[in-house]
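Structure data follow from protein29.txt (compact mmCIF, C-alpha atoms and all ligand atoms):
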# COMPACT_ATOMS: atom_id res chain seq x y z
CA MET A 1 120.07 107.14 72.28
CA SER A 2 118.52 104.34 74.22
CA ASP A 3 114.92 104.59 75.32
CA PRO A 4 113.85 103.32 78.71
CA VAL A 5 111.69 100.22 78.44
CA PHE A 6 109.31 99.24 81.19
CA ARG A 7 109.88 95.78 82.60
CA SER A 8 107.64 94.30 85.28
CA ALA A 9 109.24 93.87 88.70
CA LEU A 10 107.94 90.29 88.50
CA ALA A 11 109.34 89.62 85.03
CA HIS A 12 111.79 87.05 86.38
CA ARG A 13 109.04 84.96 88.03
CA ASN A 14 107.30 82.20 86.17
CA ASP A 15 104.21 82.55 88.40
CA ARG A 16 103.73 86.22 87.54
CA ASN A 17 100.65 85.63 85.39
CA SER A 18 98.93 83.18 87.65
CA VAL A 19 99.64 81.61 91.00
CA PRO A 20 97.91 78.22 91.31
CA GLY A 21 95.67 77.32 94.26
CA LEU A 22 94.76 80.76 95.57
CA SER A 23 91.58 81.72 97.41
CA ILE A 24 91.62 85.19 95.81
CA GLY A 25 92.34 86.65 92.41
CA LEU A 26 95.90 88.03 92.33
CA THR A 27 97.19 89.91 89.30
CA GLU A 28 99.80 92.53 88.60
CA ILE A 29 98.74 95.84 87.06
CA SER A 30 101.63 97.14 85.01
CA ASP A 31 99.93 99.51 82.57
CA ARG A 32 99.22 102.24 85.11
CA GLY A 33 101.18 105.48 85.34
CA MET A 34 101.63 107.36 88.61
CA ILE A 35 102.38 110.98 89.47
CA ASP A 36 103.33 112.10 92.96
CA LEU A 37 101.87 115.50 93.77
CA ARG A 38 102.67 117.67 96.78
CA GLY A 39 101.24 121.04 97.70
CA ALA A 40 99.04 122.85 100.19
CA ALA A 41 95.41 121.83 99.76
CA SER A 42 94.41 125.13 101.35
CA ASP A 43 96.18 127.09 98.58
CA LYS A 44 93.32 127.99 96.20
CA LYS A 45 95.69 128.64 93.28
CA PHE A 46 97.26 125.21 93.69
CA ALA A 47 93.96 123.36 94.12
CA GLY A 48 92.41 125.24 91.18
CA ALA A 49 95.33 124.59 88.83
CA VAL A 50 95.35 120.88 89.66
CA LYS A 51 91.59 120.60 89.20
CA ASP A 52 91.79 122.30 85.80
CA VAL A 53 94.32 119.75 84.59
CA LEU A 54 92.86 116.60 86.15
CA GLY A 55 89.19 117.40 85.76
CA VAL A 56 88.63 116.37 89.36
CA ALA A 57 89.28 118.19 92.63
CA LEU A 58 91.95 116.85 94.99
CA CYS A 59 90.36 114.82 97.78
CA THR A 60 91.19 116.36 101.15
CA LYS A 61 89.42 113.85 103.38
CA PRO A 62 92.00 111.49 104.90
CA ARG A 63 92.13 108.03 103.31
CA SER A 64 89.86 108.90 100.41
CA SER A 65 90.10 108.97 96.62
CA ALA A 66 88.48 110.78 93.72
CA SER A 67 88.34 110.07 90.03
CA ALA A 68 87.29 111.39 86.66
CA GLY A 69 87.53 109.26 83.54
CA ASP A 70 90.74 107.28 83.64
CA ILE A 71 92.39 109.57 86.21
CA THR A 72 92.22 108.65 89.89
CA VAL A 73 93.58 110.70 92.79
CA LEU A 74 94.62 108.81 95.92
CA TRP A 75 95.01 110.69 99.21
CA LEU A 76 98.42 109.94 100.73
CA SER A 77 98.78 112.77 103.25
CA ILE A 78 97.36 116.21 104.01
CA ASP A 79 99.72 117.61 101.38
CA GLN A 80 100.42 114.61 99.15
CA TRP A 81 98.47 112.72 96.51
CA LEU A 82 99.21 109.90 94.09
CA ILE A 83 97.60 110.54 90.71
CA THR A 84 97.09 107.45 88.60
CA CYS A 85 96.34 107.30 84.88
CA PRO A 86 97.14 105.00 81.96
CA ARG A 87 100.93 104.53 81.74
CA SER A 88 100.95 105.85 78.18
CA ALA A 89 99.29 109.11 79.33
CA ALA A 90 101.47 109.76 82.39
CA SER A 91 104.21 111.76 80.74
CA ASP A 92 101.74 114.07 78.99
CA LEU A 93 99.64 114.54 82.14
CA HIS A 94 102.78 115.23 84.17
CA GLY A 95 103.88 117.83 81.64
CA ARG A 96 100.53 119.59 81.82
CA LEU A 97 100.59 119.56 85.64
CA VAL A 98 104.08 121.03 85.79
CA LYS A 99 103.03 123.77 83.36
CA ALA A 100 99.87 124.60 85.28
CA LEU A 101 101.74 124.66 88.59
CA ASP A 102 104.47 127.00 87.36
CA GLY A 103 105.13 129.58 90.06
CA ILE A 104 103.00 127.81 92.65
CA HIS A 105 104.82 126.25 95.61
CA SER A 106 104.29 122.56 94.82
CA LEU A 107 105.90 119.46 93.36
CA ALA A 108 104.73 117.04 90.68
CA VAL A 109 106.94 114.09 89.77
CA ASP A 110 106.33 111.25 87.34
CA VAL A 111 106.88 108.17 89.53
CA SER A 112 105.33 105.59 87.19
CA ASP A 113 108.26 103.21 87.68
CA MET A 114 108.56 103.67 91.44
CA ARG A 115 105.81 101.32 92.54
CA ALA A 116 104.35 97.96 91.63
CA ILE A 117 100.59 97.48 91.76
CA PHE A 118 98.85 94.22 92.64
CA ARG A 119 95.12 93.67 92.26
CA LEU A 120 93.39 91.49 94.85
CA GLU A 121 89.88 90.28 94.10
CA GLY A 122 87.30 88.11 95.78
CA ASP A 123 85.41 87.65 99.04
CA ASN A 124 88.51 86.41 100.81
CA ALA A 125 90.77 89.33 99.86
CA ARG A 126 90.14 91.38 103.01
CA VAL A 127 90.89 88.44 105.29
CA VAL A 128 94.08 87.73 103.35
CA LEU A 129 95.22 91.35 103.86
CA ASN A 130 94.47 91.10 107.59
CA LYS A 131 97.15 88.44 107.89
CA GLY A 132 99.88 90.94 107.09
CA THR A 133 98.84 94.09 108.92
CA SER A 134 97.52 95.52 112.17
CA VAL A 135 94.81 97.30 110.15
CA ASP A 136 91.46 95.49 110.18
CA PHE A 137 90.10 95.35 106.64
CA THR A 138 86.93 93.57 107.80
CA ASP A 139 85.74 96.13 110.37
CA GLY A 140 83.58 97.95 107.83
CA THR A 141 85.48 101.26 107.91
CA LEU A 142 87.37 100.78 104.64
CA GLY A 143 84.61 100.83 102.02
CA ALA A 144 84.82 101.45 98.28
CA GLY A 145 86.99 104.47 97.50
CA SER A 146 89.07 104.22 100.68
CA VAL A 147 92.84 104.49 100.54
CA ARG A 148 94.82 103.14 103.46
CA ARG A 149 98.58 103.47 103.79
CA LEU A 150 99.84 100.74 106.05
CA ARG A 151 102.65 98.54 107.17
CA TYR A 152 102.04 95.31 105.30
CA ALA A 153 104.24 92.30 106.05
CA GLU A 154 106.84 94.76 107.46
CA ILE A 155 106.91 96.86 104.28
CA ALA A 156 105.29 100.16 103.37
CA ALA A 157 102.21 99.78 101.19
CA ALA A 158 98.93 101.45 100.31
CA VAL A 159 95.65 99.75 99.55
CA HIS A 160 92.95 101.36 97.42
CA VAL A 161 89.53 99.74 97.76
CA ILE A 162 88.07 99.89 94.26
CA SER A 163 84.75 98.20 95.01
CA ASP A 164 83.06 96.33 97.80
CA ALA A 165 80.85 93.79 96.07
CA PRO A 166 82.59 92.24 94.29
CA CYS A 167 85.61 93.02 96.44
CA VAL A 168 88.39 94.56 94.36
CA MET A 169 91.46 96.17 95.92
CA ASP A 170 94.69 97.53 94.46
CA MET A 171 97.84 97.35 96.53
CA TYR A 172 100.64 99.83 95.81
CA LEU A 173 104.14 99.02 97.04
CA PHE A 174 107.66 100.06 96.21
CA ARG A 175 109.00 98.20 93.20
CA SER A 176 111.91 96.66 95.08
CA TYR A 177 109.44 94.92 97.41
CA ALA A 178 107.35 93.46 94.59
CA ASP A 179 108.98 90.03 94.52
CA TYR A 180 108.77 89.67 98.31
CA ALA A 181 105.15 90.86 98.48
CA TRP A 182 104.13 88.55 95.62
CA SER A 183 105.63 85.59 97.49
CA TYR A 184 104.00 86.67 100.74
CA LEU A 185 100.59 87.07 99.10
CA SER A 186 100.94 83.75 97.26
CA LYS A 187 101.52 81.94 100.56
CA THR A 188 98.94 83.78 102.69
CA ALA A 189 96.25 83.66 99.99
CA ALA A 190 96.66 79.93 99.31
CA LYS A 191 93.41 77.98 99.61
CA ALA A 192 95.13 75.68 102.08
CA SER A 193 95.85 78.61 104.41
CA GLU A 194 92.35 80.09 104.54
CA VAL A 195 91.45 81.44 107.98
CA LYS A 196 88.94 79.25 109.76
CA LEU A 197 87.45 79.93 113.17
CA PHE A 198 86.23 76.84 115.00
CA GLY A 199 85.73 75.13 111.70
CA VAL A 200 83.61 77.96 110.30
CA GLN A 201 84.91 79.99 107.39
CA VAL A 202 85.30 83.63 108.43
CA GLY A 203 83.71 85.96 105.94
CA ILE A 204 83.40 89.72 105.66
CA GLY A 205 81.48 91.29 108.51
CA VAL A 206 81.83 88.29 110.81
CA MET S 1 101.46 97.21 122.59
CA LEU S 2 100.76 100.93 122.46
CA VAL S 3 97.74 102.16 120.53
CA VAL S 4 98.40 105.54 118.97
CA THR S 5 96.09 108.11 117.33
CA CYS S 6 97.50 110.60 114.83
CA PRO S 7 96.07 114.09 115.42
CA VAL S 8 96.87 115.05 111.82
CA CYS S 9 95.02 112.39 109.82
CA GLY S 10 93.07 110.71 112.62
CA VAL S 11 94.43 107.25 111.96
CA HIS S 12 94.31 104.95 114.96
CA GLY S 13 96.69 102.05 115.21
CA ASP S 14 99.33 99.90 116.71
CA GLU S 15 102.70 101.42 117.66
CA THR S 16 104.48 99.56 114.84
CA ASP S 17 102.66 101.83 112.36
CA PHE S 18 104.20 104.82 114.13
CA HIS S 19 107.69 105.88 115.13
CA CYS S 20 108.69 107.47 118.40
CA GLY S 21 111.06 110.39 117.93
CA GLY S 22 112.13 110.90 121.54
CA GLN S 23 111.49 113.80 123.86
CA ALA S 24 109.29 116.66 122.67
CA HIS S 25 109.82 120.41 123.00
CA VAL S 26 113.61 120.32 122.70
CA ALA S 27 114.57 123.77 121.47
CA ARG S 28 117.78 124.26 119.49
CA PRO S 29 119.52 127.27 121.02
CA ALA S 30 121.37 128.10 117.79
CA SER S 31 118.04 128.65 116.00
CA THR S 32 117.19 131.69 118.06
CA ARG S 33 120.61 133.18 118.86
CA PRO S 34 123.37 131.52 116.84
CA GLU S 35 125.99 134.07 117.86
CA ASN S 36 125.76 133.27 121.52
CA VAL S 37 125.48 129.56 122.40
CA THR S 38 127.56 128.19 125.25
CA ASP S 39 129.10 124.71 125.28
CA ALA S 40 126.86 123.77 128.21
CA GLU S 41 123.71 124.80 126.33
CA GLN S 42 124.76 122.88 123.22
CA ARG S 43 125.52 119.81 125.39
CA ASP S 44 122.11 120.03 127.02
CA TYR S 45 120.43 120.43 123.64
CA LEU S 46 122.17 117.39 122.17
CA PHE S 47 122.34 114.97 125.07
CA ILE S 48 120.38 115.90 128.17
CA ARG S 49 116.83 114.54 128.27
CA HIS S 50 114.10 114.33 130.87
CA ASN S 51 113.46 110.84 132.19
CA PRO S 52 110.33 111.17 134.31
CA LYS S 53 108.45 108.43 136.10
CA GLY S 54 104.91 109.39 135.12
CA LEU S 55 103.78 112.03 132.67
CA HIS S 56 106.13 112.46 129.72
CA PHE S 57 105.97 114.40 126.44
CA GLU S 58 107.24 112.84 123.23
CA ARG S 59 107.49 113.32 119.47
CA TRP S 60 105.86 110.65 117.32
CA ARG S 61 105.57 110.19 113.57
CA CYS S 62 102.62 108.77 111.66
CA ASP S 63 105.10 106.52 109.86
CA ARG S 64 102.80 104.41 107.70
CA GLY S 65 99.92 106.88 107.57
CA CYS S 66 100.18 110.55 106.63
CA GLY S 67 103.91 110.71 107.40
CA LYS S 68 103.59 113.74 109.67
CA TRP S 69 105.21 114.39 113.05
CA PHE S 70 103.06 115.14 116.09
CA HIS S 71 103.31 115.29 119.87
CA ALA S 72 101.99 112.87 122.47
CA ALA S 73 101.70 113.00 126.27
CA ARG S 74 102.24 109.56 127.75
CA ASP S 75 102.48 108.12 131.24
CA THR S 76 105.72 106.13 131.49
CA VAL S 77 104.32 103.99 134.33
CA SER S 78 100.93 102.96 132.94
CA LEU S 79 102.01 103.54 129.28
CA GLU S 80 98.68 105.30 128.80
CA PHE S 81 98.54 108.11 126.26
CA LYS S 82 96.98 111.22 127.82
CA ALA S 83 96.80 113.43 124.73
CA PHE S 84 97.93 113.81 121.12
CA TYR S 85 98.59 117.34 119.88
CA GLY S 86 100.13 119.20 116.97
CA VAL S 87 103.87 119.43 116.39
CA THR S 88 103.82 123.21 116.82
CA GLU S 89 101.53 123.14 119.85
CA LEU S 90 101.90 123.00 123.61
CA PRO S 91 100.19 120.19 125.54
CA PRO S 92 96.70 120.85 126.95
CA VAL S 93 96.91 123.18 129.97
CA GLU S 94 95.71 120.56 132.44
CA LEU S 95 98.58 118.25 131.44
CA MET S 96 101.17 121.04 131.74
CA LYS S 97 99.85 121.59 135.27
CA GLN S 98 100.09 117.89 136.10
CA ALA S 99 103.69 117.63 134.88
CA THR S 100 106.29 116.95 137.53
CA GLY S 101 110.04 117.49 138.03
CA THR S 102 111.96 118.87 135.06
CA TRP S 103 108.79 119.01 132.94
CA ALA S 104 106.99 121.13 135.57
CA GLU S 105 109.99 123.45 135.50
CA PHE S 106 109.85 123.58 131.69
CA PHE S 107 106.11 124.35 131.47
CA LYS S 108 106.06 126.81 134.41
CA ASP S 109 106.04 129.95 132.25
CA LYS S 110 104.13 128.36 129.33
CA ILE S 111 100.88 127.46 131.08
CA LYS S 112 99.45 130.94 130.46
CA ALA S 113 99.88 130.60 126.70
CA GLY S 114 98.36 127.10 126.63
CA LYS S 115 94.89 125.94 125.71
CA ALA S 116 92.57 123.48 127.44
CA SER S 117 92.05 120.22 125.57
ZN ZN A 301 98.65 110.61 110.38
Target format structure tokens, applied to this file:
Amino acid sequence: MSDPVFRSALAHRNDRNSVPGLSIGLTEISDRGMIDLRGAASDKKFAGAVKDVLGVALCTKPRSSASAGDITVLWLSIDQWLITCPRSAASDLHGRLVKALDGIHSLAVDVSDMRAIFRLEGDNARVVLNKGTSVDFTDGTLGAGSVRRLRYAEIAAAVHVISDAPCVMDMYLFRSYADYAWSYLSKTAAKASEVKLFGVQVGIGV
Amino acid sequence: MLVVTCPVCGVHGDETDFHCGGQAHVARPASTRPENVTDAEQRDYLFIRHNPKGLHFERWRCDRGCGKWFHAARDTVSLEFKAFYGVTELPPVELMKQATGTWAEFFKDKIKAGKAS
């Protein structure tokens, strides 16, 4: 039997560990597992079973997140969540979810290899994201804990704002887009392409 | 550019984050009486659409947000959205009353069941 071995979607790139000359911190997170969960938030049995396993209630407010220990729940839709945990714990957590949800109309799938995750850090990160989307990351509505699904550089992505000061954001995108998105971020986050307005550097809240 | 608001998750954004799914309130005759659908009805269901100048009712999808379908009332002249409402709902009563032509015909017997916005 052969065992599946995880290989980064950026493994073929020699700039995968560090891109020189960037105005933000850009790193790949590859040790995170992901579980896609669907069900009716209004179903008390479903919500209760999930809470018992995760140790945290599903967040029902649009574009929010919740976490307990090393488990984080990202809101994706009114009936869909992405549960993140350490990659090594995903299969066990998925197994426990499936068991707890037995007989309840719902779906839990281990999708740890479906998406790539990039971490963006630094004061300039929000402005860099603005270059690729119609969503305004500097308008003050997407604070720490927010999750925003969006169309980023023509591809589907989701951004989870981990913290505001310092600014840390995780971008989730489908694995097959990873190479393209890494190139796009490397170009748009280059120091030489910082956004300047009338010679003044634009910062957060300006 | 059209600015759309999703009534399901409340996200507000540019039309490229959404997807227009064509005319709303198209009922499939075979869903209600499969044993008795004429060729003309099936043709109308598949191909015949309203094309009003003015108030129009469409299906939209929150493509890069919550992924859900919803309905929108839009003026095809000014491109202004008049209302966003649920995928299982009728438009607000005042809009059903304002509808003209084939839409007025369609909403004629539905206004009573409708709700004000
Ligand atoms: Zn939505």
**OP:** For region 69-86 of chain A, please output as a PyMOL selection string all residues within 10 Å (counting only C-alpha atoms; exclusion window: fewer than 2 positions along the same chain).
**Re:** (chain A and resi 30-42+54-67+88-91+93-94+106-112+145-149+158-160) or (chain S and resi 8-9+64-68)
List every residue of chain S that has an atom at most 12 Å from any atom of ligand ZN 301 (chain A), giving for each one its closest atom pair and the distance in Å to one decimal, counting only C-alpha atoms and all ligand atoms, sorted by chain and then by ascending residue number, as a tab-separated table.
residue	atom	partner	partner_atom	distance
S:Val4	CA	A:ZN301	ZN	10.0
S:Thr5	CA	A:ZN301	ZN	7.8
S:Cys6	CA	A:ZN301	ZN	4.6
S:Pro7	CA	A:ZN301	ZN	6.6
S:Val8	CA	A:ZN301	ZN	5.0
S:Cys9	CA	A:ZN301	ZN	4.1
S:Gly10	CA	A:ZN301	ZN	6.0
S:Val11	CA	A:ZN301	ZN	5.6
S:His12	CA	A:ZN301	ZN	8.5
S:Gly13	CA	A:ZN301	ZN	10.0
S:Asp17	CA	A:ZN301	ZN	9.9
S:Phe18	CA	A:ZN301	ZN	8.9
S:His19	CA	A:ZN301	ZN	11.3
S:Trp60	CA	A:ZN301	ZN	10.0
S:Arg61	CA	A:ZN301	ZN	7.6
S:Cys62	CA	A:ZN301	ZN	4.6
S:Asp63	CA	A:ZN301	ZN	7.7
S:Arg64	CA	A:ZN301	ZN	7.9
S:Gly65	CA	A:ZN301	ZN	4.8
S:Cys66	CA	A:ZN301	ZN	4.1
S:Gly67	CA	A:ZN301	ZN	6.0
S:Lys68	CA	A:ZN301	ZN	5.9
S:Trp69	CA	A:ZN301	ZN	8.0
S:Phe70	CA	A:ZN301	ZN	8.5
S:His71	CA	A:ZN301	ZN	11.6
S:Phe84	CA	A:ZN301	ZN	11.2
S:Tyr85	CA	A:ZN301	ZN	11.6
S:Gly86	CA	A:ZN301	ZN	10.9
S:Val87	CA	A:ZN301	ZN	11.9
Subject >> Exercise: Val161 (chain A) partners within 8 Å, only C-alpha atoms, chain neighbours under 5 positions left out, as a ChimeraX atom specification >> reply: /A:142-147,167-170
Original post:
Ile104 (chain A): which residues within 10 Å, counting all atoms listed in the file, same-chain residues fewer than 3 positions away excluded, as a list in words?
Top reply: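 Final neighbour list, sorted by chain and number: Gly39, Ala40, Asp43, Lys45, Phe46, Ala49, Val98, Ala100, Leu101 and Leu107 of chain A.
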Output C-alpha atoms for every residue in the selection just made, as a PDB file, keeping the file's coordinate frame.
ATOM      1  CA  GLY A  39     101.240 121.040  97.700  1.00  0.00           C
ATOM      2  CA  ALA A  40      99.040 122.850 100.190  1.00  0.00           C
ATOM      3  CA  ASP A  43      96.180 127.090  98.580  1.00  0.00           C
ATOM      4  CA  LYS A  45      95.690 128.640  93.280  1.00  0.00           C
ATOM      5  CA  PHE A  46      97.260 125.210  93.690  1.00  0.00           C
ATOM      6  CA  ALA A  49      95.330 124.590  88.830  1.00  0.00           C
ATOM      7  CA  VAL A  98     104.080 121.030  85.790  1.00  0.00           C
ATOM      8  CA  ALA A 100      99.870 124.600  85.280  1.00  0.00           C
ATOM      9  CA  LEU A 101     101.740 124.660  88.590  1.00  0.00           C
ATOM     10  CA  LEU A 107     105.900 119.460  93.360  1.00  0.00           C
TER      11      LEU A 107
END
**OP:** State, in Å with one decimal place, the distance from CA of Lys115 (chain S) to CA of Val93 (chain S).
**Re:** 5.5 Å
Original post:
Just how far from CA of Arg7 (chain A) is CA of Ser163 (chain A), in Å to one decimal?
Top reply: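 Distance reported for this atom pair: 28.1 Å.
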Subject >> Nearest candidate to Ile29 (chain A) (options A:Val127, A:Ala165, A:Ala178, A:Leu150; using all atoms listed in the file) >> reply: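 The answer is A:Ala178, which sits nearest to Ile29 (chain A).
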**OP:** For CA of Asp75 (chain S) and CA of Arg28 (chain S), quote the distance in Å rounded to one decimal.
**Re:**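 Calculated distance between CA of Asp75 (chain S) and CA of Arg28 (chain S) is 25.2 Å.
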Original post:
Between A:Asp52, A:Asp92, A:Asp3, A:Glu154, which has the minimum distance to chain S (counting all atoms listed in the file)?
Top reply: A:Glu154
Original post:
For the point (98.3, 86.4, 100.8) in file coordinates, what residues are within 8 Å, counting all atoms listed in the file? Give the answer as a VMD selection string?
Top reply: chain A and resid 128 to 129 131 to 132 184 to 190
Original post:
Restricting the calculation to only C-alpha atoms, which member of A:Asp136, A:Glu194, A:Asp102, A:Asp123 is positioned closest to chain S?
Top reply: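 Closest to chain S, using only C-alpha atoms: A:Asp136.
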Take region 26-49 of chain S from the preceding structure and save N, CA, C and O atoms as a PDB file, in the first residue's frame.
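Saved file selection-v6.pdb follows:
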ATOM      1  N   VAL S  26     -39.757  31.765 -12.830  1.00  0.00           N
ATOM      2  CA  VAL S  26     -40.107  30.893 -13.955  1.00  0.00           C
ATOM      3  C   VAL S  26     -40.491  29.534 -13.362  1.00  0.00           C
ATOM      4  O   VAL S  26     -39.655  28.855 -12.770  1.00  0.00           O
ATOM      5  N   ALA S  27     -41.738  29.176 -13.498  1.00  0.00           N
ATOM      6  CA  ALA S  27     -42.196  27.923 -12.892  1.00  0.00           C
ATOM      7  C   ALA S  27     -42.120  26.778 -13.905  1.00  0.00           C
ATOM      8  O   ALA S  27     -42.499  26.937 -15.063  1.00  0.00           O
ATOM      9  N   ARG S  28     -41.608  25.646 -13.471  1.00  0.00           N
ATOM     10  CA  ARG S  28     -41.496  24.485 -14.348  1.00  0.00           C
ATOM     11  C   ARG S  28     -42.818  23.722 -14.309  1.00  0.00           C
ATOM     12  O   ARG S  28     -43.189  23.181 -13.255  1.00  0.00           O
ATOM     13  N   PRO S  29     -43.531  23.675 -15.418  1.00  0.00           N
ATOM     14  CA  PRO S  29     -44.868  23.058 -15.375  1.00  0.00           C
ATOM     15  C   PRO S  29     -44.811  21.593 -14.950  1.00  0.00           C
ATOM     16  O   PRO S  29     -45.703  21.134 -14.236  1.00  0.00           O
ATOM     17  N   ALA S  30     -43.750  20.892 -15.338  1.00  0.00           N
ATOM     18  CA  ALA S  30     -43.685  19.461 -15.023  1.00  0.00           C
ATOM     19  C   ALA S  30     -43.536  19.195 -13.530  1.00  0.00           C
ATOM     20  O   ALA S  30     -43.732  18.073 -13.066  1.00  0.00           O
ATOM     21  N   SER S  31     -43.163  20.222 -12.745  1.00  0.00           N
ATOM     22  CA  SER S  31     -43.011  20.015 -11.303  1.00  0.00           C
ATOM     23  C   SER S  31     -44.349  19.857 -10.621  1.00  0.00           C
ATOM     24  O   SER S  31     -44.472  19.178  -9.606  1.00  0.00           O
ATOM     25  N   THR S  32     -45.364  20.525 -11.163  1.00  0.00           N
ATOM     26  CA  THR S  32     -46.664  20.478 -10.499  1.00  0.00           C
ATOM     27  C   THR S  32     -47.612  19.458 -11.123  1.00  0.00           C
ATOM     28  O   THR S  32     -48.441  18.878 -10.440  1.00  0.00           O
ATOM     29  N   ARG S  33     -47.517  19.265 -12.460  1.00  0.00           N
ATOM     30  CA  ARG S  33     -48.416  18.276 -13.075  1.00  0.00           C
ATOM     31  C   ARG S  33     -47.693  17.604 -14.245  1.00  0.00           C
ATOM     32  O   ARG S  33     -47.941  17.891 -15.421  1.00  0.00           O
ATOM     33  N   PRO S  34     -46.795  16.686 -13.919  1.00  0.00           N
ATOM     34  CA  PRO S  34     -45.935  16.063 -14.934  1.00  0.00           C
ATOM     35  C   PRO S  34     -46.713  15.287 -16.006  1.00  0.00           C
ATOM     36  O   PRO S  34     -46.217  15.095 -17.118  1.00  0.00           O
ATOM     37  N   GLU S  35     -47.911  14.861 -15.660  1.00  0.00           N
ATOM     38  CA  GLU S  35     -48.654  13.996 -16.595  1.00  0.00           C
ATOM     39  C   GLU S  35     -49.320  14.789 -17.709  1.00  0.00           C
ATOM     40  O   GLU S  35     -49.807  14.226 -18.678  1.00  0.00           O
ATOM     41  N   ASN S  36     -49.259  16.129 -17.593  1.00  0.00           N
ATOM     42  CA  ASN S  36     -50.147  16.903 -18.433  1.00  0.00           C
ATOM     43  C   ASN S  36     -49.500  18.224 -18.872  1.00  0.00           C
ATOM     44  O   ASN S  36     -49.975  19.294 -18.537  1.00  0.00           O
ATOM     45  N   VAL S  37     -48.341  18.138 -19.553  1.00  0.00           N
ATOM     46  CA  VAL S  37     -47.649  19.358 -19.975  1.00  0.00           C
ATOM     47  C   VAL S  37     -47.653  19.439 -21.495  1.00  0.00           C
ATOM     48  O   VAL S  37     -47.197  18.511 -22.176  1.00  0.00           O
ATOM     49  N   THR S  38     -48.183  20.507 -22.035  1.00  0.00           N
ATOM     50  CA  THR S  38     -48.252  20.619 -23.494  1.00  0.00           C
ATOM     51  C   THR S  38     -46.918  21.086 -24.060  1.00  0.00           C
ATOM     52  O   THR S  38     -46.085  21.652 -23.340  1.00  0.00           O
ATOM     53  N   ASP S  39     -46.702  20.875 -25.348  1.00  0.00           N
ATOM     54  CA  ASP S  39     -45.479  21.323 -26.004  1.00  0.00           C
ATOM     55  C   ASP S  39     -45.334  22.836 -25.889  1.00  0.00           C
ATOM     56  O   ASP S  39     -44.233  23.349 -25.676  1.00  0.00           O
ATOM     57  N   ALA S  40     -46.443  23.552 -26.010  1.00  0.00           N
ATOM     58  CA  ALA S  40     -46.392  25.014 -25.946  1.00  0.00           C
ATOM     59  C   ALA S  40     -45.956  25.477 -24.559  1.00  0.00           C
ATOM     60  O   ALA S  40     -45.158  26.397 -24.422  1.00  0.00           O
ATOM     61  N   GLU S  41     -46.455  24.815 -23.525  1.00  0.00           N
ATOM     62  CA  GLU S  41     -46.066  25.180 -22.151  1.00  0.00           C
ATOM     63  C   GLU S  41     -44.581  24.908 -21.922  1.00  0.00           C
ATOM     64  O   GLU S  41     -43.884  25.699 -21.300  1.00  0.00           O
ATOM     65  N   GLN S  42     -44.115  23.768 -22.396  1.00  0.00           N
ATOM     66  CA  GLN S  42     -42.708  23.403 -22.216  1.00  0.00           C
ATOM     67  C   GLN S  42     -41.811  24.382 -22.980  1.00  0.00           C
ATOM     68  O   GLN S  42     -40.755  24.789 -22.483  1.00  0.00           O
ATOM     69  N   ARG S  43     -42.245  24.791 -24.180  1.00  0.00           N
ATOM     70  CA  ARG S  43     -41.507  25.786 -24.969  1.00  0.00           C
ATOM     71  C   ARG S  43     -41.432  27.110 -24.195  1.00  0.00           C
ATOM     72  O   ARG S  43     -40.360  27.686 -24.042  1.00  0.00           O
ATOM     73  N   ASP S  44     -42.549  27.534 -23.671  1.00  0.00           N
ATOM     74  CA  ASP S  44     -42.570  28.795 -22.923  1.00  0.00           C
ATOM     75  C   ASP S  44     -41.650  28.724 -21.701  1.00  0.00           C
ATOM     76  O   ASP S  44     -40.924  29.661 -21.402  1.00  0.00           O
ATOM     77  N   TYR S  45     -41.704  27.571 -21.028  1.00  0.00           N
ATOM     78  CA  TYR S  45     -40.887  27.394 -19.831  1.00  0.00           C
ATOM     79  C   TYR S  45     -39.393  27.467 -20.178  1.00  0.00           C
ATOM     80  O   TYR S  45     -38.599  28.099 -19.485  1.00  0.00           O
ATOM     81  N   LEU S  46     -39.019  26.845 -21.283  1.00  0.00           N
ATOM     82  CA  LEU S  46     -37.596  26.788 -21.629  1.00  0.00           C
ATOM     83  C   LEU S  46     -37.077  28.063 -22.278  1.00  0.00           C
ATOM     84  O   LEU S  46     -35.954  28.489 -22.001  1.00  0.00           O
ATOM     85  N   PHE S  47     -37.891  28.655 -23.164  1.00  0.00           N
ATOM     86  CA  PHE S  47     -37.332  29.703 -24.027  1.00  0.00           C
ATOM     87  C   PHE S  47     -37.953  31.085 -23.930  1.00  0.00           C
ATOM     88  O   PHE S  47     -37.321  32.054 -24.311  1.00  0.00           O
ATOM     89  N   ILE S  48     -39.189  31.190 -23.509  1.00  0.00           N
ATOM     90  CA  ILE S  48     -39.865  32.487 -23.586  1.00  0.00           C
ATOM     91  C   ILE S  48     -39.667  33.285 -22.298  1.00  0.00           C
ATOM     92  O   ILE S  48     -40.010  32.826 -21.212  1.00  0.00           O
ATOM     93  N   ARG S  49     -39.052  34.468 -22.447  1.00  0.00           N
ATOM     94  CA  ARG S  49     -38.755  35.293 -21.283  1.00  0.00           C
ATOM     95  C   ARG S  49     -39.321  36.695 -21.471  1.00  0.00           C
ATOM     96  O   ARG S  49     -39.435  37.183 -22.599  1.00  0.00           O
TER      97      ARG S  49
END
